[in-house]
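Undergrad: One file: query.tsv (TSV, C-alpha atoms and all ligand atoms).
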chain	number	residue	atom	x	y	z
E	1	MET	CA	0.00	0.00	0.00
E	2	ASN	CA	1.30	3.45	-0.91
E	3	ILE	CA	-0.06	6.52	0.87
E	4	VAL	CA	0.64	10.22	0.53
E	5	ILE	CA	0.00	12.46	3.52
E	6	LEU	CA	-0.43	16.14	2.69
E	7	GLY	CA	-0.65	18.99	5.13
E	8	SER	CA	1.06	22.28	5.88
E	9	GLN	CA	4.02	22.37	8.23
E	10	GLY	CA	2.61	21.97	11.72
E	11	SER	CA	-0.46	20.07	10.53
E	12	GLY	CA	0.67	16.96	12.39
E	13	LYS	CA	1.33	14.97	9.22
E	14	GLY	CA	4.70	13.69	10.49
E	15	THR	CA	3.04	12.27	13.61
E	16	GLN	CA	0.26	10.58	11.64
E	17	ALA	CA	2.78	9.29	9.06
E	18	LYS	CA	4.82	7.66	11.81
E	19	LEU	CA	1.73	6.03	13.37
E	20	LEU	CA	0.57	4.75	9.98
E	21	ALA	CA	4.05	3.44	9.15
E	22	GLU	CA	4.06	1.47	12.42
E	23	LYS	CA	0.53	0.13	12.03
E	24	TYR	CA	0.83	-1.03	8.41
E	25	GLY	CA	4.58	-1.75	8.22
E	26	LEU	CA	5.18	1.06	5.72
E	27	THR	CA	8.47	2.79	4.96
E	28	GLN	CA	8.21	6.49	5.81
E	29	ILE	CA	9.65	8.68	3.06
E	30	GLU	CA	10.22	12.10	4.57
E	31	THR	CA	11.72	14.38	1.94
E	32	GLY	CA	12.52	17.19	4.42
E	33	LYS	CA	14.69	14.78	6.36
E	34	LEU	CA	16.29	13.26	3.23
E	35	LEU	CA	17.19	16.76	2.01
E	36	ARG	CA	18.45	17.91	5.42
E	37	ASP	CA	20.73	14.85	5.54
E	38	ILE	CA	22.22	15.71	2.12
E	39	ALA	CA	22.58	19.39	3.12
E	40	GLU	CA	24.80	18.33	6.03
E	41	THR	CA	27.25	16.48	3.75
E	42	ASP	CA	29.76	17.76	1.17
E	43	HIS	CA	27.53	16.43	-1.62
E	44	PRO	CA	27.72	18.78	-4.68
E	45	TRP	CA	24.08	19.80	-4.05
E	46	GLY	CA	24.55	20.20	-0.28
E	47	LYS	CA	25.06	23.97	-0.16
E	48	ARG	CA	22.26	24.70	-2.64
E	49	ILE	CA	19.80	22.55	-0.72
E	50	LYS	CA	20.74	24.16	2.58
E	51	SER	CA	20.31	27.67	1.23
E	52	MET	CA	16.83	26.87	-0.22
E	53	MET	CA	15.74	25.26	3.03
E	54	LEU	CA	16.92	28.23	5.07
E	55	LYS	CA	14.98	30.58	2.83
E	56	GLY	CA	11.87	28.47	3.28
E	57	VAL	CA	11.44	27.91	-0.46
E	58	LEU	CA	11.08	24.61	-2.26
E	59	VAL	CA	14.18	22.80	-3.47
E	60	SER	CA	14.15	22.46	-7.28
E	61	ASP	CA	12.13	19.64	-8.79
E	62	LYS	CA	15.32	18.40	-10.50
E	63	ILE	CA	17.04	17.75	-7.17
E	64	LEU	CA	13.92	16.46	-5.48
E	65	MET	CA	13.17	14.06	-8.30
E	66	ALA	CA	16.72	12.66	-8.28
E	67	VAL	CA	16.45	12.08	-4.52
E	68	LEU	CA	13.04	10.46	-4.90
E	69	LYS	CA	14.11	8.16	-7.73
E	70	GLN	CA	17.04	6.94	-5.67
E	71	THR	CA	14.87	6.41	-2.58
E	72	LEU	CA	12.08	4.64	-4.45
E	73	ALA	CA	14.54	2.20	-6.00
E	74	LYS	CA	14.95	0.59	-2.56
E	75	PRO	CA	12.60	-2.18	-1.39
E	76	ALA	CA	9.89	-0.93	0.98
E	77	GLY	CA	8.26	-3.81	2.88
E	78	ASN	CA	4.47	-3.40	2.79
E	79	GLY	CA	4.68	-0.11	0.93
E	80	ARG	CA	5.43	3.54	1.64
E	81	ILE	CA	4.03	6.60	3.27
E	82	PHE	CA	5.13	9.81	1.60
E	83	ASP	CA	5.51	12.68	4.05
E	84	GLY	CA	6.61	16.04	2.61
E	85	THR	CA	6.17	15.09	-1.01
E	86	PRO	CA	4.48	15.68	-3.44
E	87	ARG	CA	4.52	19.45	-3.00
E	88	ASN	CA	3.29	20.11	-6.56
E	89	LEU	CA	1.71	18.35	-9.52
E	90	PRO	CA	4.99	17.35	-11.28
E	91	GLN	CA	6.14	15.60	-8.08
E	92	TYR	CA	2.73	13.92	-7.77
E	93	GLU	CA	2.87	12.60	-11.32
E	94	LEU	CA	6.49	11.47	-10.85
E	95	ILE	CA	5.59	9.43	-7.78
E	96	LYS	CA	2.66	7.78	-9.58
E	97	ASN	CA	4.84	7.03	-12.63
E	98	ILE	CA	7.65	5.47	-10.62
E	99	LEU	CA	5.16	3.35	-8.67
E	100	LYS	CA	3.48	2.29	-11.93
E	101	SER	CA	6.83	1.26	-13.41
E	102	ARG	CA	7.27	-1.00	-10.37
E	103	GLY	CA	3.81	-2.57	-10.83
E	104	GLU	CA	2.45	-0.61	-7.87
E	105	LYS	CA	0.07	2.31	-7.49
E	106	LEU	CA	-0.72	5.22	-5.23
E	107	ASP	CA	-3.62	4.00	-3.10
E	108	ARG	CA	-4.58	6.91	-0.87
E	109	VAL	CA	-3.96	10.60	-0.32
E	110	ILE	CA	-4.69	12.13	3.07
E	111	MET	CA	-4.98	15.89	3.54
E	112	LEU	CA	-4.68	17.19	7.10
E	113	LYS	CA	-6.14	20.67	7.44
E	114	VAL	CA	-5.16	23.24	10.09
E	115	SER	CA	-5.46	27.04	10.14
E	116	GLU	CA	-2.36	29.19	9.53
E	117	ALA	CA	-2.46	30.54	13.10
E	118	GLU	CA	-2.51	27.02	14.54
E	119	ALA	CA	0.31	25.90	12.21
E	120	VAL	CA	2.57	28.82	13.23
E	121	LYS	CA	1.84	28.14	16.93
E	122	ARG	CA	2.69	24.45	16.60
E	123	ILE	CA	5.85	24.93	14.51
E	124	SER	CA	7.25	27.54	16.89
E	125	ALA	CA	6.97	24.96	19.68
E	126	ARG	CA	8.77	22.27	17.70
E	127	ARG	CA	12.18	20.96	18.82
E	128	ILE	CA	14.34	18.40	17.04
E	129	CYS	CA	16.99	16.06	18.49
E	130	LYS	CA	20.42	16.85	17.06
E	131	ASN	CA	21.41	13.23	17.55
E	132	CYS	CA	18.54	11.02	16.30
E	133	GLY	CA	16.19	13.49	14.57
E	134	ARG	CA	13.21	12.71	16.86
E	135	ILE	CA	10.77	15.64	16.82
E	136	TYR	CA	9.07	16.94	19.98
E	137	ASN	CA	6.49	19.64	20.47
E	138	LEU	CA	6.74	21.64	23.67
E	139	ILE	CA	2.92	21.86	23.86
E	140	THR	CA	1.58	18.58	22.50
E	141	ASP	CA	4.49	16.13	22.77
E	142	PRO	CA	7.02	17.46	25.31
E	143	PRO	CA	10.44	15.85	25.85
E	144	PRO	CA	11.34	14.06	29.10
E	145	GLY	CA	11.93	16.18	32.23
E	146	ASP	CA	15.61	16.96	31.60
E	147	PHE	CA	14.76	18.71	28.29
E	148	LYS	CA	16.87	16.21	26.39
E	149	CYS	CA	15.74	13.60	23.87
E	150	GLU	CA	14.99	10.03	25.04
E	151	CYS	CA	18.39	9.21	23.46
E	152	LYS	CA	19.92	12.05	25.58
E	153	GLY	CA	20.66	14.09	22.43
E	154	GLU	CA	20.44	17.88	22.55
E	155	LEU	CA	17.11	19.41	21.46
E	156	VAL	CA	17.26	22.42	19.15
E	157	GLN	CA	14.89	24.53	17.10
E	158	ARG	CA	15.20	23.83	13.39
E	159	GLU	CA	16.78	26.74	11.52
E	160	ASP	CA	13.70	27.03	9.30
E	161	ASP	CA	11.23	26.88	12.22
E	162	TYR	CA	11.40	30.61	13.01
E	163	PRO	CA	8.29	32.78	12.28
E	164	ASP	CA	9.56	34.63	9.16
E	165	VAL	CA	10.65	31.43	7.43
E	166	ILE	CA	7.56	29.56	8.64
E	167	LYS	CA	5.29	32.09	6.88
E	168	LYS	CA	7.20	31.63	3.60
E	169	ARG	CA	7.00	27.87	3.92
E	170	LEU	CA	3.25	28.04	4.51
E	171	LYS	CA	2.86	30.20	1.41
E	172	ALA	CA	4.84	27.70	-0.68
E	173	PHE	CA	2.57	24.98	0.69
E	174	ASN	CA	-0.69	26.75	-0.14
E	175	LYS	CA	0.32	27.63	-3.65
E	176	SER	CA	1.08	24.25	-5.09
E	177	THR	CA	0.16	21.48	-2.67
E	178	LEU	CA	-3.54	22.29	-2.81
E	179	GLU	CA	-3.47	21.51	-6.54
E	180	VAL	CA	-2.29	18.02	-5.67
E	181	ALA	CA	-5.22	17.57	-3.29
E	182	LYS	CA	-7.64	18.70	-6.00
E	183	ARG	CA	-6.24	16.15	-8.45
E	184	ALA	CA	-6.39	13.35	-5.87
E	185	LEU	CA	-10.01	14.32	-5.16
E	186	ARG	CA	-10.83	13.97	-8.86
E	187	GLU	CA	-9.12	10.57	-8.83
E	188	GLY	CA	-11.32	9.50	-5.91
E	189	ILE	CA	-8.44	8.72	-3.53
E	190	LEU	CA	-8.50	11.78	-1.24
E	191	LEU	CA	-9.49	11.95	2.42
E	192	GLU	CA	-9.64	15.46	3.91
E	193	ILE	CA	-9.36	15.60	7.68
E	194	ASP	CA	-9.64	18.36	10.28
E	195	GLY	CA	-6.17	18.34	11.88
E	196	GLU	CA	-7.11	20.49	14.88
E	197	ARG	CA	-8.25	17.53	16.96
E	198	PRO	CA	-6.47	15.02	19.25
E	199	VAL	CA	-3.86	12.85	17.52
E	200	GLU	CA	-5.63	9.58	18.45
E	201	GLU	CA	-8.99	10.77	17.10
E	202	ILE	CA	-7.45	11.75	13.74
E	203	PHE	CA	-5.54	8.47	13.56
E	204	ARG	CA	-8.72	6.43	14.23
E	205	GLU	CA	-10.53	8.24	11.42
E	206	ILE	CA	-7.67	7.64	8.96
E	207	VAL	CA	-7.44	3.94	9.86
E	208	SER	CA	-11.17	3.37	9.49
E	209	TRP	CA	-11.07	5.03	6.05
E	210	ILE	CA	-8.10	2.90	4.96
E	211	ASN	CA	-9.69	-0.30	6.20
J	1	LIG	P1	9.65	19.93	5.59
J	1	LIG	O1	10.50	19.26	6.65
J	1	LIG	O2	8.78	18.98	4.85
J	1	LIG	O3	8.91	21.12	6.11
J	1	LIG	O4	10.69	20.49	4.51
J	1	LIG	C1	11.70	21.40	4.86
J	1	LIG	C2	12.23	22.05	3.60
J	1	LIG	O5	12.80	21.04	2.73
J	1	LIG	C3	11.21	22.78	2.75
J	1	LIG	O6	10.99	24.12	3.18
J	1	LIG	C4	11.87	22.71	1.36
J	1	LIG	O7	12.92	23.67	1.26
J	1	LIG	C5	12.51	21.33	1.38
J	1	LIG	N1	11.61	20.27	0.87
J	1	LIG	C6	11.09	19.21	1.55
J	1	LIG	N2	10.34	18.44	0.78
J	1	LIG	C7	10.36	19.01	-0.45
J	1	LIG	C8	9.76	18.70	-1.70
J	1	LIG	N3	8.95	17.62	-1.84
J	1	LIG	N4	10.01	19.51	-2.76
J	1	LIG	C9	10.81	20.58	-2.65
J	1	LIG	N5	11.41	20.96	-1.50
J	1	LIG	C10	11.19	20.19	-0.40
So that I can check it, write out the structure of this file as structure tokens.
Ligand code: AMP
TA:
Amino acid sequence: MNIVILGSQGSGKGTQAKLLAEKYGLTQIETGKLLRDIAETDHPWGKRIKSMMLKGVLVSDKILMAVLKQTLAKPAGNGRIFDGTPRNLPQYELIKNILKSRGEKLDRVIMLKVSEAEAVKRISARRICKNCGRIYNLITDPPPGDFKCECKGELVQREDDYPDVIKKRLKAFNKSTLEVAKRALREGILLEIDGERPVEEIFREIVSWIN
């Protein structure tokens, strides 16, 4: 089974993607993380990726597509959950084409909806572990008492999680990701969900729709 989860930054899509990956044995494909990992290396694209991410704008489709092709060439157990891609129609079509060439298909698209004010509030409270990449939220998913990760790594605010950059990222999301949702709706594979509810309630609704 292959699932796409769409939602603005701070919509809770990462949390739902992780829960779905665990429940159905799916490989989580998180393009933000894949790109951040490359940006930290001396890969020829590293500097360019880092600068785009810091500006809060999308990395070029050329780079993203190369990263996706490489990632999708690996075996993926029961399937994949795409978190952070597609961000526009070319990425959506690319994912469907690669899956088709492997005799698979995109089964479901989930769209988590939250207001801009709620998204900014949630993202500002987000902290990431420098060591293992685990993400906490100071309001909804706080770290253990000593303000360190479970793995004892240091928790920091992501460089692109500051208000100015967040607003740009939300704009980039609205512009092109909504077109993907519209297309998935036409294809009859879209579930739109109100993301301003408890995590467990949203998860239950997604699971009952999938089943
Ligand atoms: P995210 O962690 O999904 O919020 O992504 C962080 C940043 O990585 C974004 O602001 C973009 O610069 C870049 N990025 C992540 N996924 C994509 C994508 N599918 N296409 C283009 N850029 C992306």
Undergrad: Using only C-alpha atoms, which residues sit within 12 Å of E:Glu154 once same-chain residues fewer than 2 positions away are excluded, as a list in words?
TA: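 Near E:Glu154, the qualifying residues are Arg127, Ile128, Cys129, Lys130, Asn131, Cys132, Gly133, Arg134, Ile135, Tyr136, Pro143, Pro144, Asp146, Phe147, Lys148, Cys149, Glu150, Cys151, Lys152, Val156 and Gln157 of chain E.
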Undergrad: Provide the atom C9 of ligand LIG 1 (chain J) to atom CA of E:Met1 distance in Å, to one decimal place.
TA: 23.4 Å
Undergrad: Report, in Å to a single decimal, how far apart atom CA of E:Leu58 and atom CA of E:Leu35 are.
TA: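 We find that atom CA of E:Leu35 and atom CA of E:Leu58 lie 10.8 Å from each other.
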Undergrad: For E:Arg183, please output as a list in words all residues within 12 Å (counting all atoms listed in the file; exclusion window: fewer than 3 positions along the same chain).
TA: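 Non-adjacent residues within range: Pro86, Asn88, Leu89, Pro90, Tyr92, Glu93, Val109, Ser176, Thr177, Leu178, Glu179, Val180, Arg186, Glu187, Gly188, Ile189 and Leu190 of chain E.
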Undergrad: Write the residues of the preceding selection, restricted to C-alpha atoms, as an mmCIF file, keeping the file's coordinate frame.
TA:
data_model
loop_
_atom_site.group_PDB
_atom_site.id
_atom_site.type_symbol
_atom_site.label_atom_id
_atom_site.label_comp_id
_atom_site.auth_asym_id
_atom_site.auth_seq_id
_atom_site.Cartn_x
_atom_site.Cartn_y
_atom_site.Cartn_z
ATOM 1 C CA PRO E 86 4.480 15.680 -3.440
ATOM 2 C CA ASN E 88 3.290 20.110 -6.560
ATOM 3 C CA LEU E 89 1.710 18.350 -9.520
ATOM 4 C CA PRO E 90 4.990 17.350 -11.280
ATOM 5 C CA TYR E 92 2.730 13.920 -7.770
ATOM 6 C CA GLU E 93 2.870 12.600 -11.320
ATOM 7 C CA VAL E 109 -3.960 10.600 -0.320
ATOM 8 C CA SER E 176 1.080 24.250 -5.090
ATOM 9 C CA THR E 177 0.160 21.480 -2.670
ATOM 10 C CA LEU E 178 -3.540 22.290 -2.810
ATOM 11 C CA GLU E 179 -3.470 21.510 -6.540
ATOM 12 C CA VAL E 180 -2.290 18.020 -5.670
ATOM 13 C CA ARG E 186 -10.830 13.970 -8.860
ATOM 14 C CA GLU E 187 -9.120 10.570 -8.830
ATOM 15 C CA GLY E 188 -11.320 9.500 -5.910
ATOM 16 C CA ILE E 189 -8.440 8.720 -3.530
ATOM 17 C CA LEU E 190 -8.500 11.780 -1.240
#
Undergrad: Taking a cut-off of 9 Å and counting all atoms listed in the file, can you build a table that, for each residue of chain E near ligand LIG 1 (chain J), reports the nearest atom pair and how far apart they are in Å (one decimal), sorted by chain then residue number, as JSON lines?
TA:
{"residue": "E:Ser8", "atom": "CA", "partner": "J:LIG1", "partner_atom": "O3", "distance": 7.9}
{"residue": "E:Gln9", "atom": "CA", "partner": "J:LIG1", "partner_atom": "O3", "distance": 5.5}
{"residue": "E:Gly10", "atom": "CA", "partner": "J:LIG1", "partner_atom": "O3", "distance": 8.5}
{"residue": "E:Gly14", "atom": "CA", "partner": "J:LIG1", "partner_atom": "O2", "distance": 8.7}
{"residue": "E:Glu30", "atom": "CA", "partner": "J:LIG1", "partner_atom": "O2", "distance": 7.0}
{"residue": "E:Thr31", "atom": "CA", "partner": "J:LIG1", "partner_atom": "N2", "distance": 4.4}
{"residue": "E:Gly32", "atom": "CA", "partner": "J:LIG1", "partner_atom": "O1", "distance": 3.7}
{"residue": "E:Lys33", "atom": "CA", "partner": "J:LIG1", "partner_atom": "O1", "distance": 6.1}
{"residue": "E:Leu34", "atom": "CA", "partner": "J:LIG1", "partner_atom": "C6", "distance": 8.1}
{"residue": "E:Leu35", "atom": "CA", "partner": "J:LIG1", "partner_atom": "O5", "distance": 6.2}
{"residue": "E:Arg36", "atom": "CA", "partner": "J:LIG1", "partner_atom": "O5", "distance": 7.0}
{"residue": "E:Ile49", "atom": "CA", "partner": "J:LIG1", "partner_atom": "O7", "distance": 7.2}
{"residue": "E:Lys50", "atom": "CA", "partner": "J:LIG1", "partner_atom": "O7", "distance": 7.9}
{"residue": "E:Ser51", "atom": "CA", "partner": "J:LIG1", "partner_atom": "O7", "distance": 8.4}
{"residue": "E:Met52", "atom": "CA", "partner": "J:LIG1", "partner_atom": "O7", "distance": 5.3}
{"residue": "E:Met53", "atom": "CA", "partner": "J:LIG1", "partner_atom": "O7", "distance": 3.7}
{"residue": "E:Leu54", "atom": "CA", "partner": "J:LIG1", "partner_atom": "O7", "distance": 7.2}
{"residue": "E:Lys55", "atom": "CA", "partner": "J:LIG1", "partner_atom": "O7", "distance": 7.4}
{"residue": "E:Gly56", "atom": "CA", "partner": "J:LIG1", "partner_atom": "O6", "distance": 4.4}
{"residue": "E:Val57", "atom": "CA", "partner": "J:LIG1", "partner_atom": "O7", "distance": 4.8}
{"residue": "E:Leu58", "atom": "CA", "partner": "J:LIG1", "partner_atom": "N5", "distance": 3.7}
{"residue": "E:Val59", "atom": "CA", "partner": "J:LIG1", "partner_atom": "N5", "distance": 3.9}
{"residue": "E:Ser60", "atom": "CA", "partner": "J:LIG1", "partner_atom": "C9", "distance": 6.0}
{"residue": "E:Asp61", "atom": "CA", "partner": "J:LIG1", "partner_atom": "C9", "distance": 6.4}
{"residue": "E:Ile63", "atom": "CA", "partner": "J:LIG1", "partner_atom": "C9", "distance": 8.2}
{"residue": "E:Leu64", "atom": "CA", "partner": "J:LIG1", "partner_atom": "N4", "distance": 5.7}
{"residue": "E:Met65", "atom": "CA", "partner": "J:LIG1", "partner_atom": "N4", "distance": 8.4}
{"residue": "E:Leu68", "atom": "CA", "partner": "J:LIG1", "partner_atom": "N3", "distance": 8.8}
{"residue": "E:Asp83", "atom": "CA", "partner": "J:LIG1", "partner_atom": "O2", "distance": 7.1}
{"residue": "E:Gly84", "atom": "CA", "partner": "J:LIG1", "partner_atom": "O2", "distance": 4.3}
{"residue": "E:Thr85", "atom": "CA", "partner": "J:LIG1", "partner_atom": "N3", "distance": 3.8}
{"residue": "E:Pro86", "atom": "CA", "partner": "J:LIG1", "partner_atom": "N3", "distance": 5.1}
{"residue": "E:Arg87", "atom": "CA", "partner": "J:LIG1", "partner_atom": "N3", "distance": 4.9}
{"residue": "E:Asn88", "atom": "CA", "partner": "J:LIG1", "partner_atom": "N4", "distance": 7.7}
{"residue": "E:Gln91", "atom": "CA", "partner": "J:LIG1", "partner_atom": "N3", "distance": 7.1}
{"residue": "E:Asp160", "atom": "CA", "partner": "J:LIG1", "partner_atom": "O6", "distance": 7.3}
{"residue": "E:Asp161", "atom": "CA", "partner": "J:LIG1", "partner_atom": "O3", "distance": 8.7}
{"residue": "E:Val165", "atom": "CA", "partner": "J:LIG1", "partner_atom": "O6", "distance": 8.5}
{"residue": "E:Ile166", "atom": "CA", "partner": "J:LIG1", "partner_atom": "O6", "distance": 8.4}
{"residue": "E:Lys168", "atom": "CA", "partner": "J:LIG1", "partner_atom": "O6", "distance": 8.4}
{"residue": "E:Arg169", "atom": "CA", "partner": "J:LIG1", "partner_atom": "O6", "distance": 5.5}
{"residue": "E:Leu170", "atom": "CA", "partner": "J:LIG1", "partner_atom": "O6", "distance": 8.8}
{"residue": "E:Ala172", "atom": "CA", "partner": "J:LIG1", "partner_atom": "O6", "distance": 8.1}
{"residue": "E:Phe173", "atom": "CA", "partner": "J:LIG1", "partner_atom": "O6", "distance": 8.8}
Undergrad: Taking into account all atoms listed in the file, which residue in the set E:Glu40, E:Ser115, E:Ile210, E:Leu94 is nearest to E:Ala66?
TA: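 Comparing E:Glu40, E:Ser115, E:Ile210, E:Leu94 against E:Ala66, the winner is E:Leu94.
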Undergrad: Leaving out E:Leu191 and any residue of its chain fewer than 3 positions from it, which residues lie within 12 Å of it when counting only C-alpha atoms, given as a list in words?
TA: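 Surrounding residues, per the criterion: Ile3, Val4, Ile5, Leu6, Gly7, Asp107, Arg108, Val109, Ile110, Met111, Leu112, Lys113, Ala181, Lys182, Ala184, Leu185, Arg186, Glu187, Gly188, Asp194, Gly195, Ile202, Glu205, Ile206, Val207, Ser208, Trp209 and Ile210 of chain E.
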Undergrad: Let me make sure I understand: among E:Arg158, E:Gly103, E:Val67, E:Lys96, which one has the smallest atom-to-atom distance to E:Ala125 if we use only C-alpha atoms?
TA: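 For E:Ala125, the nearest of the candidates is E:Arg158.
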Undergrad: Report, in Å with one decimal, the straight-line distance from atom CA of E:Lys62 to atom CA of E:Ile38.
TA: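 Those two atoms sit 14.6 Å apart.
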Undergrad: Looking at E:Glu104, E:Ser124, E:Asn211, E:Glu118, which one is nearest to E:Tyr24, with distances taken over all atoms listed in the file?
TA: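 Ranked by minimum distance to E:Tyr24, first place goes to E:Asn211.
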Undergrad: Hey, which of E:Ile98, E:Leu72, E:Ala119, E:Ile81 ends up closest to E:Leu26? Count all atoms listed in the file.
TA: E:Ile81
Undergrad: Using all atoms listed in the file, pick whichever of E:Leu20, E:Val114, E:Ile139, E:Ile123 has the shortest atom-to-atom distance to E:Gly79.
TA: E:Leu20
Undergrad: Mind working out the centre and edge lengths of an axis-aligned box for stretch 156-171 of chain E, all listed atoms inside, 5 Å added to each side, rounded to one decimal in Å and written as lines of an AutoDock Vina configuration file?
TA:
center_x = 10.1
center_y = 28.5
center_z = 10.3
size_x = 24.4
size_y = 22.2
size_z = 27.7
Undergrad: Should you be able to, write stretch 38-54 of chain E of this structure into a file that contains N, CA, C and O atoms, as a tab-separated table (two decimals), in the first residue's frame.
TA:
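The resulting part30.tsv:
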chain	number	residue	atom	x	y	z
E	38	ILE	N	21.28	15.39	3.21
E	38	ILE	CA	22.22	15.71	2.12
E	38	ILE	C	22.87	17.07	2.38
E	38	ILE	O	24.08	17.25	2.17
E	39	ALA	N	22.07	18.02	2.88
E	39	ALA	CA	22.58	19.39	3.12
E	39	ALA	C	23.73	19.38	4.13
E	39	ALA	O	24.57	20.27	4.13
E	40	GLU	N	23.74	18.39	5.01
E	40	GLU	CA	24.80	18.33	6.03
E	40	GLU	C	26.08	17.68	5.51
E	40	GLU	O	27.08	17.62	6.22
E	41	THR	N	26.06	17.16	4.28
E	41	THR	CA	27.25	16.48	3.75
E	41	THR	C	27.97	17.41	2.76
E	41	THR	O	27.49	18.50	2.48
E	42	ASP	N	29.10	16.93	2.19
E	42	ASP	CA	29.76	17.76	1.17
E	42	ASP	C	29.34	17.33	-0.24
E	42	ASP	O	30.05	17.53	-1.22
E	43	HIS	N	28.14	16.76	-0.33
E	43	HIS	CA	27.53	16.43	-1.62
E	43	HIS	C	27.50	17.70	-2.49
E	43	HIS	O	27.28	18.79	-1.96
E	44	PRO	N	27.72	17.58	-3.82
E	44	PRO	CA	27.72	18.78	-4.68
E	44	PRO	C	26.45	19.65	-4.54
E	44	PRO	O	26.50	20.85	-4.75
E	45	TRP	N	25.31	19.03	-4.19
E	45	TRP	CA	24.08	19.80	-4.05
E	45	TRP	C	23.87	20.33	-2.63
E	45	TRP	O	22.92	21.07	-2.36
E	46	GLY	N	24.76	19.90	-1.70
E	46	GLY	CA	24.55	20.20	-0.28
E	46	GLY	C	24.29	21.66	0.02
E	46	GLY	O	23.30	22.01	0.66
E	47	LYS	N	25.17	22.53	-0.50
E	47	LYS	CA	25.06	23.97	-0.16
E	47	LYS	C	23.78	24.56	-0.73
E	47	LYS	O	23.11	25.37	-0.10
E	48	ARG	N	23.46	24.14	-1.99
E	48	ARG	CA	22.26	24.70	-2.64
E	48	ARG	C	21.01	24.29	-1.85
E	48	ARG	O	20.13	25.11	-1.58
E	49	ILE	N	20.97	23.03	-1.47
E	49	ILE	CA	19.80	22.55	-0.72
E	49	ILE	C	19.67	23.33	0.59
E	49	ILE	O	18.59	23.81	0.94
E	50	LYS	N	20.79	23.48	1.29
E	50	LYS	CA	20.74	24.16	2.58
E	50	LYS	C	20.23	25.59	2.41
E	50	LYS	O	19.38	26.05	3.19
E	51	SER	N	20.72	26.28	1.38
E	51	SER	CA	20.31	27.67	1.23
E	51	SER	C	18.81	27.76	0.90
E	51	SER	O	18.11	28.62	1.41
E	52	MET	N	18.28	26.85	0.07
E	52	MET	CA	16.83	26.87	-0.22
E	52	MET	C	16.03	26.58	1.04
E	52	MET	O	15.02	27.24	1.31
E	53	MET	N	16.48	25.63	1.82
E	53	MET	CA	15.74	25.26	3.03
E	53	MET	C	15.72	26.42	4.01
E	53	MET	O	14.71	26.71	4.63
E	54	LEU	N	16.86	27.11	4.13
E	54	LEU	CA	16.92	28.23	5.07
E	54	LEU	C	16.04	29.39	4.63
E	54	LEU	O	15.54	30.14	5.46
